[in-house]
Amino acid sequence: MIRQYNIVTILRKEVLLSEQKKRAPRNRTITLTTAEREQFKTHLVRLDGPAALAAITNKTICQDVFAVLQWLPSHSVDLLFADPPYNLSKSFNGRAFSELPPDQYEEWLDGWISELPRILKPTASVYICGDWRSSSAIHRVVEKYFIVRNRITWEREKGRGAKSNWKNSSEDIWFCTVSPDYTFNVDAVKLKRRVIAPYTTEKGEPKDWNESGNGRFRFTHPSNLWTDLTVPFWSMPENTDHPTQKPEKLLAKIILASSNEGDVVFDPFLGSGTTSVAAKKLNRRYIGVEIDEYYSCLAEKRLMQAEIDSTIQGYVEGLFWERNSLAKQKKPTKTRDNRKTNQLTLI
Ligand SMILES: C[S@@+](CC[C@H](N)C(=O)[O-])C[C@H]1O[C@@H](n2cnc3c(N)ncnc32)[C@H](O)[C@@H]1O
């Protein structure tokens with residue numbers, strides 16, 4: 001069994017470059033000074049034996065996930081989100097991973113996915129990310145252990161064009177559950193859509209739509225095609241130098257739909273901390289594992305910042321906004337009954 005992804009070389013130069021990079025004044029990328037790194041290192045956890053849930057709740061475990069999974073408590077996780085290295089040659093802070101033959105990548109996936117059923121609650125949901133190359137391997141492995149419910153495809157705006165191929169502008173997320181009994185808060189992620197054909201009843205009343213200050217809207221069920229996400233870039237406050245950072249908004253959708261406040265959200269490939277940060281902002285508990293110390297410290301810095309600023313870009317007052325619509329979004333105001341609503345809006 002392949003326990004270790006193909007680690008080719010370790011070049012610490014990249015961390016130094018990231019710390020010393022000169023940035024434009026409006027660049028909001030989150031970085032770490034040497035002093036901050038020393039400070040956040042003290043927050044990180046390492047496991048060498050069985051851990052109680054309380055000891056690892058709201059923590060970042062800085063270790064190889066293959067060494068950690070065996071020590072996690074049984075049936076303790078409500079929602080798992082995994083964004084593993086895809087089957088590409090890529091460097092994560094100098095730790096370079098090289099593409100594997102497809103059958104070996106599948107074996108590597110099986111090496112950690114097979115350990116998940118023990119740590120998940122019987123009511124848990126599982127989301128696993130992949131690009132088009134890794135997606136079929138992920139499907140084959142997850143259907144061995146879980147009930148596969150759907151494949152979400154989301155559009156990435158970023159990416160290089162290709163001269164003799166179609167530009168890669170999408171990624172998949174496989175959605176699975178442990179059993180037929182699981183959480184799905186559809187009302188928390190419904191889409192608020194502008195109504196083009198405002199049908200009325202015989203009495204002239206709106207059919208399935210409402211009139212509000214800036215137009216006619218209908219709440220519709222969210223689909224498995226997501227086109228409202230922006231991959232973090234330099235002027236976004238959530239941006240870091242992590243090469244494959246996911247948007248907080250993507251995690252917010254998954255967390256709101258597939259968990260409840262207080263639930264435990266686990267990410268075995270935490271990267272810059274997006275899953276834990278979104279979970280914290282949405283009042284869930286979280287556990288993350290990340291092999292790289294620099295990324296683990298970045299996650300801790302973002303978690304500290306989330307205590308002061310719990311906003312999620314593109315998600316305002318319980319409503320999700322279409323990408324690049326910052327100018328159209330209202331400043332947060334309290335709703336009449338002082339409650340937050342959790343609907344999605346595409347305006
Ligand atoms: C695709 S990235 C995750 C990015 C993350 N979703 C974010 O938003 O920042 C995969 C991460 O897994 C980490 N990783 C790779 N192999 C690992 C292992 N065996 N154990 C723990 N983490 C690992 C890499 O360092 C990298 O940060």
# chains A, B, ... in the order shown; residues from 1 in each chain; ligands from 1
$ residues_around --residues "His221 of chain A" --least-positions-apart "6" --cutoff "8 Å" --atoms "only C-alpha atoms" --output "compact mmCIF listing (two decimals) with C-alpha atoms, in the first residue's frame"
# COMPACT_ATOMS: atom_id res chain seq x y z
CA VAL A 186 -31.46 22.58 2.09
CA VAL A 189 -28.30 26.86 0.82
CA LYS A 190 -31.32 27.64 -1.36
CA LEU A 191 -30.69 30.02 -4.24
$ residues_around --residues "Glu99 of chain A" --least-positions-apart "2" --cutoff "10 Å" --atoms "only C-alpha atoms" --output "PyMOL selection string"
chain A and resi 5-6+85-90+97+101-102+104-105
$ select_by_dssp --residues "segment 164-332 of chain A" --states "helix (DSSP H, G or I)" --output "PyMOL selection string"
chain A and resi 186-189+248-258+274-281+293-308+326-328
$ residues_around --residues "Ile152 of chain A" --least-positions-apart "2" --cutoff "12 Å" --atoms "only C-alpha atoms" --output "list in words"
Tyr127, Ile128, Cys129, Gly130, Asp131, Trp132, Ser135, Val148, Arg149, Asn150, Trp154, Glu155, Ser170, Glu171, Asp172, Ile173, Trp174, Phe175, Cys176, Pro222, Ser223, Asn224, Leu225, Trp226, Thr227, Leu250, Lys253 and Ile254 of chain A
$ closest_residue --among "A:Leu109, A:Ile291, A:Leu44, A:Val68" --to "ligand 1" --atoms "only C-alpha atoms and all ligand atoms"
A:Ile291
$ residues_near_ligand --ligand "ligand 1" --cutoff "8 Å" --atoms "only C-alpha atoms and all ligand atoms" --output "PDB file with N, CA and C atoms, in the first residue's frame"
ATOM      1  N   ARG A   3       1.654   4.557   1.292  1.00  0.00           N
ATOM      2  CA  ARG A   3       1.327   5.375   2.456  1.00  0.00           C
ATOM      3  C   ARG A   3       1.845   6.795   2.261  1.00  0.00           C
ATOM      4  N   GLN A   4       2.882   6.927   1.488  1.00  0.00           N
ATOM      5  CA  GLN A   4       3.537   8.220   1.343  1.00  0.00           C
ATOM      6  C   GLN A   4       3.409   8.659  -0.098  1.00  0.00           C
ATOM      7  N   TYR A   5       2.801   9.790  -0.344  1.00  0.00           N
ATOM      8  CA  TYR A   5       2.745  10.318  -1.703  1.00  0.00           C
ATOM      9  C   TYR A   5       4.169  10.587  -2.137  1.00  0.00           C
ATOM     10  N   CYS A  62      -0.222  19.148  13.204  1.00  0.00           N
ATOM     11  CA  CYS A  62       0.811  19.312  12.175  1.00  0.00           C
ATOM     12  C   CYS A  62       1.587  18.015  12.043  1.00  0.00           C
ATOM     13  N   GLN A  63       1.151  17.170  11.139  1.00  0.00           N
ATOM     14  CA  GLN A  63       1.714  15.828  11.019  1.00  0.00           C
ATOM     15  C   GLN A  63       1.237  15.177   9.729  1.00  0.00           C
ATOM     16  N   ASP A  64       1.889  14.070   9.375  1.00  0.00           N
ATOM     17  CA  ASP A  64       1.464  13.281   8.227  1.00  0.00           C
ATOM     18  C   ASP A  64       0.126  12.604   8.580  1.00  0.00           C
ATOM     19  N   VAL A  65      -0.879  12.796   7.747  1.00  0.00           N
ATOM     20  CA  VAL A  65      -2.204  12.250   8.075  1.00  0.00           C
ATOM     21  C   VAL A  65      -2.173  10.722   8.188  1.00  0.00           C
ATOM     22  N   PHE A  66      -1.243  10.083   7.463  1.00  0.00           N
ATOM     23  CA  PHE A  66      -1.165   8.619   7.544  1.00  0.00           C
ATOM     24  C   PHE A  66      -0.721   8.155   8.938  1.00  0.00           C
ATOM     25  N   ALA A  82     -12.261  16.837   2.420  1.00  0.00           N
ATOM     26  CA  ALA A  82     -10.866  16.533   2.085  1.00  0.00           C
ATOM     27  C   ALA A  82     -10.523  17.109   0.718  1.00  0.00           C
ATOM     28  N   ASP A  83      -9.427  17.864   0.695  1.00  0.00           N
ATOM     29  CA  ASP A  83      -8.908  18.455  -0.544  1.00  0.00           C
ATOM     30  C   ASP A  83      -7.480  17.942  -0.680  1.00  0.00           C
ATOM     31  N   PRO A  84      -7.328  16.668  -1.081  1.00  0.00           N
ATOM     32  CA  PRO A  84      -5.989  16.063  -1.108  1.00  0.00           C
ATOM     33  C   PRO A  84      -5.171  16.576  -2.285  1.00  0.00           C
ATOM     34  N   PRO A  85      -3.840  16.330  -2.287  1.00  0.00           N
ATOM     35  CA  PRO A  85      -3.078  16.647  -3.501  1.00  0.00           C
ATOM     36  C   PRO A  85      -3.692  15.874  -4.663  1.00  0.00           C
ATOM     37  N   TYR A  86      -3.933  16.576  -5.785  1.00  0.00           N
ATOM     38  CA  TYR A  86      -4.467  15.900  -6.972  1.00  0.00           C
ATOM     39  C   TYR A  86      -3.332  15.137  -7.645  1.00  0.00           C
ATOM     40  N   PHE A  92       4.112  21.914  -2.733  1.00  0.00           N
ATOM     41  CA  PHE A  92       3.454  22.568  -1.606  1.00  0.00           C
ATOM     42  C   PHE A  92       4.554  23.043  -0.661  1.00  0.00           C
ATOM     43  N   ASN A  93       4.877  24.326  -0.758  1.00  0.00           N
ATOM     44  CA  ASN A  93       5.911  24.917   0.079  1.00  0.00           C
ATOM     45  C   ASN A  93       7.217  24.121   0.025  1.00  0.00           C
ATOM     46  N   ARG A  95       7.661  21.032  -0.724  1.00  0.00           N
ATOM     47  CA  ARG A  95       7.478  19.580  -0.662  1.00  0.00           C
ATOM     48  C   ARG A  95       6.827  19.200  -1.989  1.00  0.00           C
ATOM     49  N   HIS A 242      -0.721  29.914  -0.329  1.00  0.00           N
ATOM     50  CA  HIS A 242      -0.930  28.484  -0.589  1.00  0.00           C
ATOM     51  C   HIS A 242      -1.368  28.305  -2.052  1.00  0.00           C
ATOM     52  N   PRO A 243      -0.731  27.388  -2.799  1.00  0.00           N
ATOM     53  CA  PRO A 243      -1.004  27.314  -4.247  1.00  0.00           C
ATOM     54  C   PRO A 243      -2.378  26.774  -4.616  1.00  0.00           C
ATOM     55  N   THR A 244      -3.069  26.097  -3.703  1.00  0.00           N
ATOM     56  CA  THR A 244      -4.375  25.519  -4.081  1.00  0.00           C
ATOM     57  C   THR A 244      -5.437  25.840  -3.019  1.00  0.00           C
ATOM     58  N   GLN A 245      -5.372  27.053  -2.518  1.00  0.00           N
ATOM     59  CA  GLN A 245      -6.318  27.458  -1.471  1.00  0.00           C
ATOM     60  C   GLN A 245      -7.753  27.479  -1.998  1.00  0.00           C
ATOM     61  N   LYS A 246      -8.683  26.898  -1.249  1.00  0.00           N
ATOM     62  CA  LYS A 246     -10.096  26.898  -1.631  1.00  0.00           C
ATOM     63  C   LYS A 246     -10.781  28.161  -1.087  1.00  0.00           C
ATOM     64  N   PRO A 247     -11.857  28.632  -1.743  1.00  0.00           N
ATOM     65  CA  PRO A 247     -12.578  29.805  -1.226  1.00  0.00           C
ATOM     66  C   PRO A 247     -13.348  29.467   0.051  1.00  0.00           C
ATOM     67  N   GLU A 248     -13.382  30.398   1.003  1.00  0.00           N
ATOM     68  CA  GLU A 248     -14.166  30.190   2.229  1.00  0.00           C
ATOM     69  C   GLU A 248     -15.640  29.991   1.879  1.00  0.00           C
ATOM     70  N   PRO A 268      -8.517  16.433   6.663  1.00  0.00           N
ATOM     71  CA  PRO A 268      -7.222  15.746   6.785  1.00  0.00           C
ATOM     72  C   PRO A 268      -6.094  16.363   5.958  1.00  0.00           C
ATOM     73  N   PHE A 269      -6.402  17.317   5.068  1.00  0.00           N
ATOM     74  CA  PHE A 269      -5.378  18.000   4.251  1.00  0.00           C
ATOM     75  C   PHE A 269      -5.667  19.495   4.333  1.00  0.00           C
ATOM     76  N   LEU A 270      -5.410  20.076   5.494  1.00  0.00           N
ATOM     77  CA  LEU A 270      -5.943  21.397   5.841  1.00  0.00           C
ATOM     78  C   LEU A 270      -5.355  22.540   5.020  1.00  0.00           C
ATOM     79  N   GLY A 271      -4.121  22.405   4.525  1.00  0.00           N
ATOM     80  CA  GLY A 271      -3.498  23.490   3.759  1.00  0.00           C
ATOM     81  C   GLY A 271      -3.436  24.751   4.597  1.00  0.00           C
ATOM     82  N   SER A 272      -3.945  25.858   4.021  1.00  0.00           N
ATOM     83  CA  SER A 272      -3.882  27.156   4.700  1.00  0.00           C
ATOM     84  C   SER A 272      -5.009  27.340   5.723  1.00  0.00           C
ATOM     85  N   GLY A 273      -5.822  26.322   5.950  1.00  0.00           N
ATOM     86  CA  GLY A 273      -6.781  26.372   7.056  1.00  0.00           C
ATOM     87  C   GLY A 273      -8.207  26.712   6.683  1.00  0.00           C
ATOM     88  N   THR A 274      -8.544  26.771   5.379  1.00  0.00           N
ATOM     89  CA  THR A 274      -9.866  27.257   4.963  1.00  0.00           C
ATOM     90  C   THR A 274     -11.023  26.543   5.667  1.00  0.00           C
ATOM     91  N   THR A 275     -10.963  25.216   5.766  1.00  0.00           N
ATOM     92  CA  THR A 275     -12.080  24.477   6.367  1.00  0.00           C
ATOM     93  C   THR A 275     -12.270  24.868   7.830  1.00  0.00           C
ATOM     94  N   VAL A 289      -5.673  18.497   9.862  1.00  0.00           N
ATOM     95  CA  VAL A 289      -4.331  17.899   9.824  1.00  0.00           C
ATOM     96  C   VAL A 289      -3.604  18.481   8.616  1.00  0.00           C
ATOM     97  N   GLU A 290      -2.383  18.935   8.819  1.00  0.00           N
ATOM     98  CA  GLU A 290      -1.566  19.474   7.720  1.00  0.00           C
ATOM     99  C   GLU A 290      -0.104  19.098   7.994  1.00  0.00           C
ATOM    100  N   ILE A 291       0.542  18.554   6.979  1.00  0.00           N
ATOM    101  CA  ILE A 291       1.919  18.063   7.157  1.00  0.00           C
ATOM    102  C   ILE A 291       2.937  19.204   7.243  1.00  0.00           C
ATOM    103  N   ASP A 292       2.623  20.328   6.604  1.00  0.00           N
ATOM    104  CA  ASP A 292       3.602  21.411   6.496  1.00  0.00           C
ATOM    105  C   ASP A 292       3.438  22.416   7.650  1.00  0.00           C
ATOM    106  N   TYR A 295       2.241  26.115   6.558  1.00  0.00           N
ATOM    107  CA  TYR A 295       0.806  26.182   6.282  1.00  0.00           C
ATOM    108  C   TYR A 295      -0.006  26.029   7.574  1.00  0.00           C
TER     109      TYR A 295
END
$ closest_atom_pairs --of "segment 225-277 of chain A" --to "segment 30-40 of chain A" --cutoff "8 Å" --atoms "only C-alpha atoms" --output "tab-separated table"
residue	atom	partner	partner_atom	distance
A:Pro237	CA	A:Ile30	CA	7.4
A:Glu238	CA	A:Ile30	CA	7.1
A:Asn239	CA	A:Ile30	CA	6.1
A:Thr240	CA	A:Ile30	CA	4.9
A:Asp241	CA	A:Thr31	CA	7.5
$ write_last_selection --atoms "C-alpha atoms" --output "mmCIF file, in the first residue's frame"
data_model
loop_
_atom_site.group_PDB
_atom_site.id
_atom_site.type_symbol
_atom_site.label_atom_id
_atom_site.label_comp_id
_atom_site.auth_asym_id
_atom_site.auth_seq_id
_atom_site.Cartn_x
_atom_site.Cartn_y
_atom_site.Cartn_z
ATOM 1 C CA PRO A 237 -8.604 39.329 2.664
ATOM 2 C CA GLU A 238 -8.659 35.522 2.860
ATOM 3 C CA ASN A 239 -5.794 35.079 0.356
ATOM 4 C CA THR A 240 -2.527 33.323 1.313
ATOM 5 C CA ASP A 241 0.425 32.043 -0.708
#
$ select_by_dssp --residues "segment 200-301 of chain A" --states "strand (DSSP E)" --output "mmCIF file with C-alpha atoms, in the first residue's frame"
data_model
loop_
_atom_site.group_PDB
_atom_site.id
_atom_site.type_symbol
_atom_site.label_atom_id
_atom_site.label_comp_id
_atom_site.auth_asym_id
_atom_site.auth_seq_id
_atom_site.Cartn_x
_atom_site.Cartn_y
_atom_site.Cartn_z
ATOM 1 C CA ASN A 210 -41.887 37.407 -3.793
ATOM 2 C CA GLU A 211 -41.544 41.081 -4.515
ATOM 3 C CA SER A 212 -38.782 42.815 -2.566
ATOM 4 C CA GLY A 215 -36.961 43.058 -7.720
ATOM 5 C CA ARG A 216 -38.887 39.794 -7.897
ATOM 6 C CA PHE A 217 -37.174 36.723 -6.502
ATOM 7 C CA ARG A 218 -37.799 33.014 -6.050
ATOM 8 C CA PHE A 219 -35.959 30.597 -3.765
ATOM 9 C CA THR A 220 -34.857 27.534 -5.721
ATOM 10 C CA LEU A 225 -23.198 23.031 -10.623
ATOM 11 C CA TRP A 226 -21.612 25.956 -8.766
ATOM 12 C CA VAL A 264 -17.310 18.518 14.397
ATOM 13 C CA VAL A 265 -15.838 19.283 10.951
ATOM 14 C CA PHE A 266 -12.622 17.446 10.032
ATOM 15 C CA ASP A 267 -10.140 18.199 7.214
ATOM 16 C CA ARG A 285 -16.064 22.740 15.986
ATOM 17 C CA TYR A 286 -13.119 21.797 13.781
ATOM 18 C CA ILE A 287 -10.043 19.564 13.543
ATOM 19 C CA GLY A 288 -7.430 19.878 10.790
ATOM 20 C CA VAL A 289 -4.331 17.899 9.824
ATOM 21 C CA GLU A 290 -1.566 19.474 7.720
#
$ residues_around --residues "Arg156 of chain A" --least-positions-apart "5" --cutoff "7 Å" --atoms "only C-alpha atoms" --output "VMD selection string"
chain A and resid 169 to 170 230 to 231
$ write_last_selection --atoms "C-alpha atoms" --output "mmCIF file, in the first residue's frame"
data_model
loop_
_atom_site.group_PDB
_atom_site.id
_atom_site.type_symbol
_atom_site.label_atom_id
_atom_site.label_comp_id
_atom_site.auth_asym_id
_atom_site.auth_seq_id
_atom_site.Cartn_x
_atom_site.Cartn_y
_atom_site.Cartn_z
ATOM 1 C CA SER A 169 -11.934 25.513 -15.530
ATOM 2 C CA SER A 170 -13.757 23.067 -13.331
ATOM 3 C CA THR A 230 -13.937 33.114 -6.815
ATOM 4 C CA VAL A 231 -10.590 31.415 -6.243
#
$ decode --residues "segment 66-172 of chain A" --atoms "C-alpha atoms" --output "PDB file, in the first residue's frame"
ATOM      1  CA  PHE A  66      -1.165   8.619   7.544  1.00  0.00           C
ATOM      2  CA  ALA A  67       0.415   8.687  11.010  1.00  0.00           C
ATOM      3  CA  VAL A  68      -2.494  10.563  12.610  1.00  0.00           C
ATOM      4  CA  LEU A  69      -5.695   8.800  11.506  1.00  0.00           C
ATOM      5  CA  GLN A  70      -5.081   5.769  13.742  1.00  0.00           C
ATOM      6  CA  TRP A  71      -5.023   8.022  16.847  1.00  0.00           C
ATOM      7  CA  LEU A  72      -8.280   9.889  16.220  1.00  0.00           C
ATOM      8  CA  PRO A  73     -11.291   8.915  18.374  1.00  0.00           C
ATOM      9  CA  SER A  74     -13.912   6.627  16.846  1.00  0.00           C
ATOM     10  CA  HIS A  75     -17.262   7.974  15.597  1.00  0.00           C
ATOM     11  CA  SER A  76     -16.451  11.572  16.464  1.00  0.00           C
ATOM     12  CA  VAL A  77     -16.713  13.484  13.151  1.00  0.00           C
ATOM     13  CA  ASP A  78     -19.982  14.876  11.701  1.00  0.00           C
ATOM     14  CA  LEU A  79     -18.585  16.282   8.453  1.00  0.00           C
ATOM     15  CA  LEU A  80     -15.381  15.488   6.581  1.00  0.00           C
ATOM     16  CA  PHE A  81     -14.031  17.741   3.840  1.00  0.00           C
ATOM     17  CA  ALA A  82     -10.866  16.533   2.085  1.00  0.00           C
ATOM     18  CA  ASP A  83      -8.908  18.455  -0.544  1.00  0.00           C
ATOM     19  CA  PRO A  84      -5.989  16.063  -1.108  1.00  0.00           C
ATOM     20  CA  PRO A  85      -3.078  16.647  -3.501  1.00  0.00           C
ATOM     21  CA  TYR A  86      -4.467  15.900  -6.972  1.00  0.00           C
ATOM     22  CA  ASN A  87      -2.614  13.515  -9.240  1.00  0.00           C
ATOM     23  CA  LEU A  88      -0.390  16.280 -10.636  1.00  0.00           C
ATOM     24  CA  SER A  89       3.215  17.284 -10.179  1.00  0.00           C
ATOM     25  CA  LYS A  90       2.945  20.165  -7.732  1.00  0.00           C
ATOM     26  CA  SER A  91       4.985  21.763  -4.990  1.00  0.00           C
ATOM     27  CA  PHE A  92       3.454  22.568  -1.606  1.00  0.00           C
ATOM     28  CA  ASN A  93       5.911  24.917   0.079  1.00  0.00           C
ATOM     29  CA  GLY A  94       8.896  23.036  -1.328  1.00  0.00           C
ATOM     30  CA  ARG A  95       7.478  19.580  -0.662  1.00  0.00           C
ATOM     31  CA  ALA A  96       7.144  18.428  -4.250  1.00  0.00           C
ATOM     32  CA  PHE A  97       4.615  15.792  -5.258  1.00  0.00           C
ATOM     33  CA  SER A  98       4.890  14.095  -8.617  1.00  0.00           C
ATOM     34  CA  GLU A  99       2.167  12.547 -10.721  1.00  0.00           C
ATOM     35  CA  LEU A 100       1.634   8.823 -10.110  1.00  0.00           C
ATOM     36  CA  PRO A 101       0.374   6.181 -12.554  1.00  0.00           C
ATOM     37  CA  PRO A 102      -3.462   6.200 -12.131  1.00  0.00           C
ATOM     38  CA  ASP A 103      -3.622   2.828 -10.310  1.00  0.00           C
ATOM     39  CA  GLN A 104      -1.019   3.972  -7.787  1.00  0.00           C
ATOM     40  CA  TYR A 105      -2.872   7.235  -7.130  1.00  0.00           C
ATOM     41  CA  GLU A 106      -6.020   5.180  -6.495  1.00  0.00           C
ATOM     42  CA  GLU A 107      -4.065   3.002  -4.059  1.00  0.00           C
ATOM     43  CA  TRP A 108      -2.806   6.147  -2.298  1.00  0.00           C
ATOM     44  CA  LEU A 109      -6.387   7.438  -1.993  1.00  0.00           C
ATOM     45  CA  ASP A 110      -7.516   4.091  -0.616  1.00  0.00           C
ATOM     46  CA  GLY A 111      -4.730   4.253   1.975  1.00  0.00           C
ATOM     47  CA  TRP A 112      -6.447   7.084   3.881  1.00  0.00           C
ATOM     48  CA  ILE A 113     -10.088   6.895   2.737  1.00  0.00           C
ATOM     49  CA  SER A 114     -10.315   3.318   4.071  1.00  0.00           C
ATOM     50  CA  GLU A 115      -9.474   4.661   7.571  1.00  0.00           C
ATOM     51  CA  LEU A 116     -12.315   7.207   7.594  1.00  0.00           C
ATOM     52  CA  PRO A 117     -15.388   5.029   8.391  1.00  0.00           C
ATOM     53  CA  ARG A 118     -14.041   4.339  11.906  1.00  0.00           C
ATOM     54  CA  ILE A 119     -13.716   8.014  12.841  1.00  0.00           C
ATOM     55  CA  LEU A 120     -16.988   9.195  11.256  1.00  0.00           C
ATOM     56  CA  LYS A 121     -20.344   9.240  13.042  1.00  0.00           C
ATOM     57  CA  PRO A 122     -23.024   7.002  11.460  1.00  0.00           C
ATOM     58  CA  THR A 123     -24.835  10.219  10.415  1.00  0.00           C
ATOM     59  CA  ALA A 124     -21.722  11.870   8.897  1.00  0.00           C
ATOM     60  CA  SER A 125     -21.248  13.337   5.429  1.00  0.00           C
ATOM     61  CA  VAL A 126     -18.064  13.236   3.361  1.00  0.00           C
ATOM     62  CA  TYR A 127     -16.906  15.624   0.621  1.00  0.00           C
ATOM     63  CA  ILE A 128     -13.741  14.872  -1.404  1.00  0.00           C
ATOM     64  CA  CYS A 129     -12.278  17.225  -4.032  1.00  0.00           C
ATOM     65  CA  GLY A 130     -10.552  16.350  -7.284  1.00  0.00           C
ATOM     66  CA  ASP A 131      -9.803  17.629 -10.761  1.00  0.00           C
ATOM     67  CA  TRP A 132     -11.001  15.772 -13.871  1.00  0.00           C
ATOM     68  CA  ARG A 133      -7.978  13.452 -13.787  1.00  0.00           C
ATOM     69  CA  SER A 134      -8.354  12.352 -10.148  1.00  0.00           C
ATOM     70  CA  SER A 135     -12.154  12.414 -10.077  1.00  0.00           C
ATOM     71  CA  SER A 136     -12.819   8.929 -11.457  1.00  0.00           C
ATOM     72  CA  ALA A 137     -10.281   7.379  -9.057  1.00  0.00           C
ATOM     73  CA  ILE A 138     -11.949   9.164  -6.119  1.00  0.00           C
ATOM     74  CA  HIS A 139     -15.346   7.841  -7.227  1.00  0.00           C
ATOM     75  CA  ARG A 140     -14.099   4.256  -7.429  1.00  0.00           C
ATOM     76  CA  VAL A 141     -12.595   4.445  -3.934  1.00  0.00           C
ATOM     77  CA  VAL A 142     -15.435   6.261  -2.122  1.00  0.00           C
ATOM     78  CA  GLU A 143     -18.108   3.902  -3.415  1.00  0.00           C
ATOM     79  CA  LYS A 144     -16.283   1.075  -1.603  1.00  0.00           C
ATOM     80  CA  TYR A 145     -16.844   2.746   1.777  1.00  0.00           C
ATOM     81  CA  PHE A 146     -19.776   5.189   1.520  1.00  0.00           C
ATOM     82  CA  ILE A 147     -23.102   5.901  -0.138  1.00  0.00           C
ATOM     83  CA  VAL A 148     -22.266   8.226  -3.024  1.00  0.00           C
ATOM     84  CA  ARG A 149     -24.939  10.942  -3.214  1.00  0.00           C
ATOM     85  CA  ASN A 150     -23.711  13.364  -5.859  1.00  0.00           C
ATOM     86  CA  ARG A 151     -20.808  14.957  -7.695  1.00  0.00           C
ATOM     87  CA  ILE A 152     -20.656  18.740  -7.449  1.00  0.00           C
ATOM     88  CA  THR A 153     -18.802  20.532 -10.235  1.00  0.00           C
ATOM     89  CA  TRP A 154     -17.612  24.066  -9.564  1.00  0.00           C
ATOM     90  CA  GLU A 155     -16.215  26.571 -11.985  1.00  0.00           C
ATOM     91  CA  ARG A 156     -12.753  27.981 -11.320  1.00  0.00           C
ATOM     92  CA  GLU A 157     -12.130  31.257 -13.062  1.00  0.00           C
ATOM     93  CA  LYS A 158      -8.369  30.995 -12.633  1.00  0.00           C
ATOM     94  CA  GLY A 159      -6.126  28.825 -14.759  1.00  0.00           C
ATOM     95  CA  ARG A 160      -3.940  28.916 -17.819  1.00  0.00           C
ATOM     96  CA  GLY A 161      -5.398  28.650 -21.308  1.00  0.00           C
ATOM     97  CA  ALA A 162      -4.094  25.814 -23.476  1.00  0.00           C
ATOM     98  CA  LYS A 163      -3.164  26.054 -27.164  1.00  0.00           C
ATOM     99  CA  SER A 164      -4.264  22.538 -28.074  1.00  0.00           C
ATOM    100  CA  ASN A 165      -6.716  21.596 -25.367  1.00  0.00           C
ATOM    101  CA  TRP A 166      -9.691  22.989 -23.443  1.00  0.00           C
ATOM    102  CA  LYS A 167      -8.686  25.165 -20.515  1.00  0.00           C
ATOM    103  CA  ASN A 168      -9.224  23.425 -17.169  1.00  0.00           C
ATOM    104  CA  SER A 169     -11.934  25.513 -15.530  1.00  0.00           C
ATOM    105  CA  SER A 170     -13.757  23.067 -13.331  1.00  0.00           C
ATOM    106  CA  GLU A 171     -13.219  20.823 -10.347  1.00  0.00           C
ATOM    107  CA  ASP A 172     -15.338  18.095  -8.781  1.00  0.00           C
TER     108      ASP A 172
END
